[in-house]
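**Student:** Can you keep this structure in mind? I'll have questions shortly.
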Amino acid sequence: MFFRAWLSQLSRAVSRPVGRSTPLIRGCLARRLALSSQKRTPDLSSFVSRTNTCGELGSSHLGQEVTLCGWIQYRRQNIFVVLRDFHGLVQVIIPEDESSASVKKILCEAPLESVVKVSGTVISRPPGQENPKMPTGEIEIKVKTAELLNACKKLPFEMKDFVKKTEALRLQYRYLDLRSSQMQYNLRLRSEVVMKMREYLCNLHGFVDIETPTLFKRTPGGAKEFLVPSREPGKFYSLPQSPQQFKQLLMVGGLDRYFQVARCYRDEGSKPDRQPEFTQIDIEMSFVDQMGIQSLIEGLLHYSWPNDKEPVVIPFPSMTFAEALSSYGTDKPDTRFGMKIVDVSSVFRKTDIRFFQDTLSKPQGTVKAICVREGVKYLKRKDIDSIKQFAADQFNQQILPIFLKANKNWNSPVAKLIKEDQSLELIRLMEIQEEDIVLLTAGEHKKACSLLGKLRLQCADLLETKGVVLRDPAQFSFLWVVDFPLFLPKEESPTELESAHHPFTAPHPSDIHLLYTEPEKVRSQHYDLVLNGSEIGGGSIRIHDAQLQQYILETLLKEDVKLLSHLLQALDYGAPPHGGIALGLDRLMCLITGAPSIRDVIAFPKSFRGRDLMSSAPDSVPREELKPYHIQVSWPTVTETEMDSLNQSHQQKC
């Protein structure tokens with residue numbers, strides 16, 4: 001019955017004149033925009049026993065009888081109690097009469113952080129006793145009745161924002177840490193942003209929210225995956241790194257606008273600011289090109305951006321991968337400050353410096369430099385020594401610091417070999433001022449750029465410790481990076497290729513002919529979205545031709561195509577051109593809120609080493625529970641003393 005009705009509607013829609021479709025769509029979109037602009041105030045006290053939240057009360061509520069529920073945050077003189085809930089604070093005053101003895105007993109004897117329900121009247125604070133630092137500072141609640149809902153035991157740490165707690169302690173008692181105002185703000189803002197994203201995608205642009213499986217099979221290439229045992233001997237599920245294959249299959253299935261707030265999993269071990277399970281806004285569209293995806297994401301972020309932050313300016317600037325590497329030494333540049341890398345090879349073509357001569361005689365040899373503005377004023381000799389040591393240790397490269405000031409005697413001896421005409425040309429090329437420091441290096445293009453890219457950030461860190469503001473945390477500098485290489489040489493075997501991102505990325509149309517002759521030179525239709533030096537999203541136009549996909553997998557990447565036979569088969573059954581993107585929600589929210597770690601925008605994150613310190617997961621499993629999965633564990637044999645030592649070491653590292 002439902003199917004026939006749906007088919008009838010589809011037939012009527014298809015039979016409409018093509019010329020009328022555009023006005024209808026525009027009119028519908030305008031109506032939706034008008035409706036979405038009518039903001040509704042949520043009822044925060046519906047369905048529960050309170051009448052109001054603590055943080056919403058003000059002078060407009062004077063004389064009203066209210067019922068509040070919350071935690072006792074502070075108490076003084078056995079008269080005043082500060083009550084807290086997620087919405088804010090309010091002061092409760094206990095009348096000093098005999099009829100209020102039972103109320104006083106409850107509120108004054110209950111430990112701090114106990115949960116209570118109070119009822120009373122909203123009254124003005126006496127003149128001169130208002131608290132301008134509290135949104136509810138003009139009023140207080142003259143309590144009539146009180147009920148202790150749950151007493152609180154002694155806490156492992158004080159529930160005050162200014163009290164410093166180690167991250168390990170915060171994660172161990174995460175349910176208490178969530179009560180902090182910062183965690184409340186972060187998680188509630190995250191919810192608001194996701195809700196606006198859903199509204200933009202589904203209500204305004206007709207996307208379909210579809211859940212994809214968590215249990216899947218191993219995928220060639222990419223990050224390492226978590227394995228899940230099955231009851232079939234020797235067979236395992238794999239937790240997906242992303243819904244990549246599923247969303248492409250949805251395009252084949254005609255669901256041409258898909259999105260999902262997707263949970264993803266990567267077994268990446270101990271990596272800073274990474275989580276083994278994370279969330280991404282996953283999007284795929286049919287009949288779209290790179291510009292279409294970028295416009296969609298710019299509109300999505302502009303629409304869902306928090307009102308209390310600096311507004312997003314669209315369209316975002318764009319830069320090729322080659323430009324990003326040459327100017328910033330990285331594919332995720334922080335464009336909030338300058339200090340760009342400059343190629344000064346032309347200045348030193350006829351140099352007497354042997355180091356430069358040897359480098360420039362090689363095919364990829366270059367001389368690069370960055371200019372640290374007012375570096376002489378802020379950087380000390382130990383800072384320069386630290387920079388030079390970093391270059392030597394991490395890149396096996398030499399750094400030459402150049403100063404214009406003659407009284408700086410800690411210059412590199414080699415730098416004194418720079419001729420006067422070369423100095424003048426360097427000053428002109430890099431616009432050097434008297435207080436500036438120039439850091440020079442020579443080497444293979446990519447290596448020299450990567451080194452200076454790292455030093456650029458290191459110098460920014462050093463300058464900011466001296467009070468120089470280079471990277472304003474309130475500024476949001478978005479950037480598209482495009483035209484990545486399709487393949488990279490494998491680190492362990494440089495003559496073999498691997499996908500720069502994943503094997504389903506389509507080659508750049510201008511470079512397809514190179515696939516069969518010089519595949520290492522092929523650019524991809526991949527694009528990354530960078531915000532303040534962090535990659536917050538990445539996507540591509542996909543390969544929708546089965547023969548091309550098989551050639552790349554089998555011939556160029558030497559992958560077992562049997563693992564992807566289902567996808568190759570699907571592409572042969574009329575797959576439309578399609579592309580998509582995934583935004584890392586955790587990292588995006590971390591940058592929006594200014595949190596020091598992505599763990600501060602996730603309700604129950606794992607520790608740096610991937611452990612849940614609250615529940616002690618992962619945990620061991622009894623042998624009998626492993627039998628149905630045909631798994632045997634080789635248990636390490638250690639002495640009791642060694643085990644105690646390992647446990648102590650593990651607790652310290654977590």
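Just so we're on the same page: first chain in the structure tokens is A, next is B, and so on; residues restart at 1 for each chain, and ligands are numbered from 1 in the order they show up.
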Run DSSP on the backbone of this structure and report the residues of region 443-630 of chain A it assigns to helix (DSSP H, G or I), as a PyMOL selection string.
**Tutor:** chain A and resi 445-465+509-516+519-521+546-556+561-571+585-593+598-601+623-629
**Student:** Excluding same-chain residues fewer than 5 positions from region 473-489 of chain A, what lies within 8 Å of it counting only C-alpha atoms, as a ChimeraX atom specification?
**Tutor:** /A:309-310,312,316-322,324,331-332,334-336,494-501,505,507-508,519-532,594
**Student:** Can I get the selection written as a compact mmCIF listing (two decimals), in the first residue's frame, with C-alpha atoms?
**Tutor:**
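part39.txt, freshly written:
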```txt
# COMPACT_ATOMS: atom_id res chain seq x y z
CA LYS A 309 32.03 33.05 18.14
CA GLU A 310 33.46 35.24 15.41
CA VAL A 312 32.61 32.39 9.51
CA PHE A 316 37.12 29.83 2.16
CA PRO A 317 40.43 30.47 0.40
CA SER A 318 42.03 27.59 -1.47
CA MET A 319 45.64 26.49 -1.93
CA THR A 320 47.25 23.60 -3.76
CA PHE A 321 49.23 20.97 -1.89
CA ALA A 322 52.39 22.11 -3.68
CA ALA A 324 51.13 24.74 0.98
CA ASP A 331 49.72 20.31 4.05
CA LYS A 332 47.78 21.84 6.97
CA ASP A 334 48.14 27.76 10.06
CA THR A 335 47.43 30.90 8.04
CA ARG A 336 46.73 33.15 11.03
CA PRO A 494 60.14 3.36 -2.05
CA THR A 495 59.78 1.68 -5.46
CA GLU A 496 56.20 0.65 -4.58
CA LEU A 497 53.19 2.95 -4.31
CA GLU A 498 50.47 3.43 -1.72
CA SER A 499 47.41 5.65 -1.71
CA ALA A 500 48.06 9.12 -0.35
CA HIS A 501 44.60 8.97 1.24
CA THR A 505 39.97 8.63 -4.69
CA PRO A 507 42.61 10.88 -10.25
CA HIS A 508 42.67 14.48 -11.49
CA PRO A 519 51.58 7.18 -11.77
CA GLU A 520 53.72 8.88 -9.09
CA LYS A 521 53.03 12.23 -10.84
CA VAL A 522 49.24 11.88 -10.84
CA ARG A 523 47.29 14.43 -8.80
CA SER A 524 44.10 13.40 -7.05
CA GLN A 525 40.67 14.95 -6.68
CA HIS A 526 41.17 14.97 -2.92
CA TYR A 527 40.57 18.05 -0.79
CA ASP A 528 41.29 18.80 2.85
CA LEU A 529 39.69 21.46 5.02
CA VAL A 530 42.17 23.06 7.42
CA LEU A 531 41.32 25.28 10.38
CA ASN A 532 44.07 27.11 12.30
CA GLY A 594 39.41 26.52 22.52
```
**Student:** May I ask which of the residues A:Ile281, A:Leu463, A:Val208, A:Leu57 is the closest one to Ile536 (chain A), counting only C-alpha atoms?
**Tutor:**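 Smallest separation from Ile536 (chain A) among the options: A:Ile281.
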**Student:** Using only C-alpha atoms, determine which residues lie at most 10 Å from Ser180 (chain A), disregarding the query and same-chain residues fewer than 2 positions distant; provide the list as a PyMOL selection string.
**Tutor:** chain A and resi 86+159-161+175-178+182-185
**Student:** What residues in region 532-600 of chain A get the DSSP label strand (DSSP E)? Please answer as a list in words.
**Tutor:**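 DSSP-assigned strand (DSSP E) residues in region 532-600 of chain A: Ser534, Glu535, Ile536, Gly537, Gly538, Gly539, Ser540, Ile541, His578, Gly579, Gly580, Ile581, Ala582, Leu583 and Gly584 of chain A.
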**Student:** Save out the residues we just selected, N, CA, C and O atoms, as a PDB file, in the first residue's frame.
**Tutor:**
```
ATOM      1  N   SER A 534      45.041  22.820  11.771  1.00  0.00           N
ATOM      2  CA  SER A 534      44.581  21.449  12.033  1.00  0.00           C
ATOM      3  C   SER A 534      43.662  21.004  10.911  1.00  0.00           C
ATOM      4  O   SER A 534      42.790  21.768  10.471  1.00  0.00           O
ATOM      5  N   GLU A 535      43.851  19.779  10.469  1.00  0.00           N
ATOM      6  CA  GLU A 535      42.952  19.226   9.459  1.00  0.00           C
ATOM      7  C   GLU A 535      41.655  18.834  10.149  1.00  0.00           C
ATOM      8  O   GLU A 535      41.645  18.000  11.054  1.00  0.00           O
ATOM      9  N   ILE A 536      40.543  19.436   9.728  1.00  0.00           N
ATOM     10  CA  ILE A 536      39.251  19.113  10.343  1.00  0.00           C
ATOM     11  C   ILE A 536      38.335  18.355   9.387  1.00  0.00           C
ATOM     12  O   ILE A 536      37.234  17.958   9.781  1.00  0.00           O
ATOM     13  N   GLY A 537      38.780  18.161   8.151  1.00  0.00           N
ATOM     14  CA  GLY A 537      37.950  17.425   7.212  1.00  0.00           C
ATOM     15  C   GLY A 537      38.727  17.030   5.981  1.00  0.00           C
ATOM     16  O   GLY A 537      39.742  17.657   5.637  1.00  0.00           O
ATOM     17  N   GLY A 538      38.272  15.986   5.346  1.00  0.00           N
ATOM     18  CA  GLY A 538      38.906  15.538   4.110  1.00  0.00           C
ATOM     19  C   GLY A 538      37.926  14.736   3.289  1.00  0.00           C
ATOM     20  O   GLY A 538      37.047  14.056   3.822  1.00  0.00           O
ATOM     21  N   GLY A 539      38.052  14.857   1.978  1.00  0.00           N
ATOM     22  CA  GLY A 539      37.159  14.110   1.103  1.00  0.00           C
ATOM     23  C   GLY A 539      37.708  14.082  -0.301  1.00  0.00           C
ATOM     24  O   GLY A 539      38.812  14.565  -0.576  1.00  0.00           O
ATOM     25  N   SER A 540      36.910  13.545  -1.211  1.00  0.00           N
ATOM     26  CA  SER A 540      37.362  13.444  -2.596  1.00  0.00           C
ATOM     27  C   SER A 540      36.195  13.114  -3.506  1.00  0.00           C
ATOM     28  O   SER A 540      35.133  12.685  -3.051  1.00  0.00           O
ATOM     29  N   ILE A 541      36.415  13.333  -4.777  1.00  0.00           N
ATOM     30  CA  ILE A 541      35.555  12.748  -5.798  1.00  0.00           C
ATOM     31  C   ILE A 541      36.021  11.299  -5.949  1.00  0.00           C
ATOM     32  O   ILE A 541      37.216  11.025  -5.978  1.00  0.00           O
ATOM     33  N   HIS A 578      30.162  10.401  -8.117  1.00  0.00           N
ATOM     34  CA  HIS A 578      29.850  10.828  -6.752  1.00  0.00           C
ATOM     35  C   HIS A 578      31.108  11.249  -6.012  1.00  0.00           C
ATOM     36  O   HIS A 578      32.233  10.958  -6.427  1.00  0.00           O
ATOM     37  N   GLY A 579      30.897  11.966  -4.933  1.00  0.00           N
ATOM     38  CA  GLY A 579      31.993  12.429  -4.099  1.00  0.00           C
ATOM     39  C   GLY A 579      31.476  12.779  -2.726  1.00  0.00           C
ATOM     40  O   GLY A 579      30.260  12.828  -2.498  1.00  0.00           O
ATOM     41  N   GLY A 580      32.389  13.009  -1.804  1.00  0.00           N
ATOM     42  CA  GLY A 580      31.956  13.298  -0.442  1.00  0.00           C
ATOM     43  C   GLY A 580      33.064  13.855   0.409  1.00  0.00           C
ATOM     44  O   GLY A 580      34.143  14.204  -0.073  1.00  0.00           O
ATOM     45  N   ILE A 581      32.780  13.904   1.698  1.00  0.00           N
ATOM     46  CA  ILE A 581      33.723  14.469   2.651  1.00  0.00           C
ATOM     47  C   ILE A 581      33.329  13.996   4.038  1.00  0.00           C
ATOM     48  O   ILE A 581      32.184  13.584   4.270  1.00  0.00           O
ATOM     49  N   ALA A 582      34.265  14.031   4.952  1.00  0.00           N
ATOM     50  CA  ALA A 582      33.993  13.748   6.365  1.00  0.00           C
ATOM     51  C   ALA A 582      34.649  14.840   7.202  1.00  0.00           C
ATOM     52  O   ALA A 582      35.826  15.147   7.015  1.00  0.00           O
ATOM     53  N   LEU A 583      33.868  15.441   8.091  1.00  0.00           N
ATOM     54  CA  LEU A 583      34.393  16.440   9.018  1.00  0.00           C
ATOM     55  C   LEU A 583      34.637  15.777  10.364  1.00  0.00           C
ATOM     56  O   LEU A 583      33.763  15.078  10.895  1.00  0.00           O
ATOM     57  N   GLY A 584      35.818  15.978  10.937  1.00  0.00           N
ATOM     58  CA  GLY A 584      36.112  15.448  12.264  1.00  0.00           C
ATOM     59  C   GLY A 584      35.439  16.295  13.328  1.00  0.00           C
ATOM     60  O   GLY A 584      35.895  17.399  13.635  1.00  0.00           O
TER      61      GLY A 584
END
```
**Student:** Find the residue from A:Asp545, A:Ala392, A:Phe157, A:Val633 that sits nearest to Val621 (chain A); use only C-alpha atoms when measuring.
**Tutor:** A:Val633
**Student:** Find the residue from A:Ile387, A:Leu556, A:Met285, A:Val103 that sits nearest to Cys459 (chain A); use only C-alpha atoms when measuring.
**Tutor:**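 Closest residue, counting only C-alpha atoms: A:Ile387.
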**Student:** Please list as a VMD selection string every residue within 9 Å of Tyr629 (chain A), counting only C-alpha atoms and excluding residues in the same chain fewer than 6 positions away.
**Tutor:** chain A and resid 229 to 235
**Student:** Of the candidates A:Glu625, A:Asp612, A:Glu65, A:Asp308, which one gets nearest to Glu140 (chain A) if we count only C-alpha atoms?
**Tutor:** A:Glu65
**Student:** Can you pull out every residue within 8 Å of region 600-611 of chain A, counting only C-alpha atoms, but drop anything in the same chain fewer than 4 positions away, and send it as a ChimeraX atom specification?
**Tutor:** /A:168,171,174,178,183,186-187,190,269-276,586,589-590,595-596,616-618,654
